[in-house]
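> Okay, here's the structure, questions in a sec.
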Amino acid sequence: MKKVVIAVDSFKGSLSSREVADAFEVGFRSIHSDCEIVKVGIADGGEGTVEALVVALNGEYVEVEVCDPLHRPITARYGVVDGGRTAVIEMAKASGLPLLTAEERNPLLTSTFGTGEMVADALHRGCRRFLMGIGGSATNDAGTGMLRALGFRFLDSKGAELIGGGEILGDIASVDDSAVCAELRECEFIVACDVTNPLFGRRGAAYVFAPQKGADEIMVEQLDRGLQNFARVVAAYNGSNIANMEGAGAAGGLGGGAVALLGARLERGVEMVLDAMHFDSMLAGADLVVTGEGRLDRQTVMGKAPSGVLAAAAKRGVPTIAIGGGLEWCDELRSSGFRSIHIVTPEGMPLDEAMLPEVARENIRRVAMQIAEDI
């Protein structure tokens with residue numbers, strides 16, 4: 001065994017991806033002391049994406065004051081990598097559901113303006129490539145808030161500018177781009193999108209996602225009509241056809257808005273992350289890949305981070321094993337292509353005990369030793 005690549009997601013609530021990898025390395029090296037080990041934290045475009053790419057690419061963090069979903073000032077953090085050329089942004093840092101109490105959730109009012117402020121800050125710092133994770137949003141404004149922060153103006157039938165959250169969508173009659181800075185047209189936007197929901201309709205952003213963001217039935221219907229109107233307006237503005245596009249409904253329609261007005265490209269989250277960190281080059285000469293996350297189940301092989309690692313390793317013919325704090329056996333896992341799957345938590349150990357960091361580290365170290373002995 002000459003080279004092992006450890007590419008794991010965090011064990012959420014217990015250990016970061018780096019801590020999981022470090023614990024595995026300790027156990028594995030106790031058996032194979034001279035093995036080259038490459039460690040990289042991974043993410044699927046959601047929480048942890050900024051950290052994974054900043055660490056992997058030796059980037060830096062930037063903190064900026066922006067608006068939360070209800071336009072209150074907060075400090076949000078994003079990453080800058082590739083020598084300052086690329087910004088890595090998680091929209092949830094500015095426009096996420098966790099920033100609101102249950103009583104404050106109202107997608108008619110919530111806005112993605114703060115996400116746009118992060119983009120604008122990175123743009124002014126010289127970034128021209130943007131990697132955006134858009135999971136966990138509190139919004140249903142089709143990204144109009146974000147776009148307003150970048151200079152777009154959305155006007156009603158009388159030419160007055162509309163400002164607000166999802167409530168403005170039905171009143172938009174035209175788009176004014178006269179205040180958009182020229183630099184924005186030099187930019188590339190790649191948006192992590194792991195849902196296939198269209199912009200509107202029964203599978204669209206409002207009907208599927210808005211209820212968890214605080215919308216009742218009447219609000220859902222209003223938001224859905226607004227998204228339909230938004231699609232018509234942008235089609236008239238520049239010919240963009242996002243009405244039936246897969247993924248346009250992601251993040252309350254931000255996926256569609258970003259495609260229509262920023263020329264964004266939607267990609268699977270883990271593929272965006274692995275491509276950005278040049279993961280394929282890390283696999284050169286590898287004999288084994290270790291991946292995993294806190295809980296292994298059917299979702300693991302349906303777009304989450306370990307599935308992307310498995311696919312990338314398979315292209316190079318490198319066997320991949322998976323580790324997890326918990327495991328729910330299912331047909332999808334059995335047929336996934338992992339060489340082996342390991343649960344690190346001993347049978348009968350209570351969950352609250354297993355999630356203690358020191359316990360989790362020891363469990364991972366022990367399983368890593370067993371894996372190393374079996375190879």
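Residue numbering restarts at 1 in every chain; chains get A, B, ... in the order shown in the structure tokens, and ligands count up from 1 in that same order.
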Within 9 Å of region 259-274 of chain A, counting only C-alpha atoms, which residues show up once you throw out same-chain ones fewer than 6 positions away? Write them as a PyMOL selection string, please.

chain A and resi 42-46+49+52-53+131+133+147+152+184-185+187-195+231+234-235+238-242+247-248+280+303-309+312

> Write out as a ChimeraX atom specification the set of residues from region 2-143 of chain A that DSSP, computed on the backbone, places in strand (DSSP E or B).

/A:3-8,11,15,36-41,60-67,73-81,86-90,96,129-133,137

> Give me the residues of region 240-288 of chain A that have any atom at most 12 Å from an atom of region 318-338 of chain A; for each, the nearest atom pair and the distance in Å, rounded to one decimal. Use only C-alpha atoms, sort by chain and number, and format it as JSON lines.


{"residue": "A:Asp280", "atom": "CA", "partner": "A:Val318", "partner_atom": "CA", "distance": 11.2}
{"residue": "A:Met282", "atom": "CA", "partner": "A:Val318", "partner_atom": "CA", "distance": 11.7}
{"residue": "A:Leu283", "atom": "CA", "partner": "A:Val318", "partner_atom": "CA", "distance": 8.0}
{"residue": "A:Ala284", "atom": "CA", "partner": "A:Val318", "partner_atom": "CA", "distance": 9.4}
{"residue": "A:Gly285", "atom": "CA", "partner": "A:Val318", "partner_atom": "CA", "distance": 9.0}
{"residue": "A:Ala286", "atom": "CA", "partner": "A:Val318", "partner_atom": "CA", "distance": 6.7}
{"residue": "A:Asp287", "atom": "CA", "partner": "A:Val318", "partner_atom": "CA", "distance": 6.1}
{"residue": "A:Leu288", "atom": "CA", "partner": "A:Pro319", "partner_atom": "CA", "distance": 5.4}

> Those selected residues, please, written with C-alpha atoms and delivered as a compact mmCIF listing (two decimals), in the first residue's frame.


# COMPACT_ATOMS: atom_id res chain seq x y z
CA ASP A 280 -8.60 13.99 -9.99
CA MET A 282 -4.87 13.88 -6.11
CA LEU A 283 -5.89 10.39 -7.20
CA ALA A 284 -2.82 9.88 -9.37
CA GLY A 285 -0.95 6.83 -8.09
CA ALA A 286 -3.48 6.09 -5.34
CA ASP A 287 -4.07 2.50 -4.24
CA LEU A 288 -7.10 3.22 -2.08

> Looking at A:Ala206, A:Thr291, A:Glu183, A:Leu162, which one is nearest to Ser17 (chain A), with distances taken over only C-alpha atoms?

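Nearest to Ser17 (chain A): A:Thr291.
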
> Excluding region 118-121 of chain A and residues on its chain fewer than 3 positions from it, collect all residues at most 10 Å away from it, counting only C-alpha atoms, and give them as a ChimeraX atom specification.

/A:62-67,76-78,87-91,93-94,113-115,124-128,130,132,146-147,149-151,181,184

> Would you mind reading off the distance between CA of Gly79 (chain A) and CA of Val290 (chain A), one decimal, in Å?

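Pair CA of Gly79 (chain A) / CA of Val290 (chain A) returns 25.9 Å.
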
> Taking the backbone alone, and naming residues the way the document does, which bits of region 125-228 of chain A are alpha helix (DSSP H) by DSSP, as an NGL selection string?

:A and (144-149 or 205-209 or 217-228)

> Restricting the output to C-alpha atoms, write the selected residues as a PDB file, in the first residue's frame.


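Saved the output as selection_12.pdb:
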ATOM      1  CA  THR A 144     -34.032  39.115  -7.243  1.00  0.00           C
ATOM      2  CA  GLY A 145     -32.571  40.335  -3.958  1.00  0.00           C
ATOM      3  CA  MET A 146     -29.125  39.078  -4.924  1.00  0.00           C
ATOM      4  CA  LEU A 147     -29.481  40.616  -8.353  1.00  0.00           C
ATOM      5  CA  ARG A 148     -30.574  43.984  -6.946  1.00  0.00           C
ATOM      6  CA  ALA A 149     -27.403  44.065  -4.854  1.00  0.00           C
ATOM      7  CA  ALA A 205     -39.921  26.227  -5.669  1.00  0.00           C
ATOM      8  CA  ALA A 206     -43.066  27.556  -3.995  1.00  0.00           C
ATOM      9  CA  TYR A 207     -45.107  24.365  -3.661  1.00  0.00           C
ATOM     10  CA  VAL A 208     -42.219  22.111  -2.639  1.00  0.00           C
ATOM     11  CA  PHE A 209     -39.970  24.328  -0.541  1.00  0.00           C
ATOM     12  CA  GLU A 217     -51.319  27.771   1.218  1.00  0.00           C
ATOM     13  CA  ILE A 218     -52.334  31.259   0.112  1.00  0.00           C
ATOM     14  CA  MET A 219     -48.730  32.452   0.183  1.00  0.00           C
ATOM     15  CA  VAL A 220     -47.602  29.417  -1.799  1.00  0.00           C
ATOM     16  CA  GLU A 221     -50.084  30.196  -4.554  1.00  0.00           C
ATOM     17  CA  GLN A 222     -49.020  33.852  -4.629  1.00  0.00           C
ATOM     18  CA  LEU A 223     -45.354  32.923  -4.799  1.00  0.00           C
ATOM     19  CA  ASP A 224     -45.958  30.392  -7.561  1.00  0.00           C
ATOM     20  CA  ARG A 225     -47.807  32.989  -9.659  1.00  0.00           C
ATOM     21  CA  GLY A 226     -44.940  35.383  -9.033  1.00  0.00           C
ATOM     22  CA  LEU A 227     -42.363  32.863 -10.230  1.00  0.00           C
ATOM     23  CA  GLN A 228     -44.398  32.294 -13.397  1.00  0.00           C
TER      24      GLN A 228
END
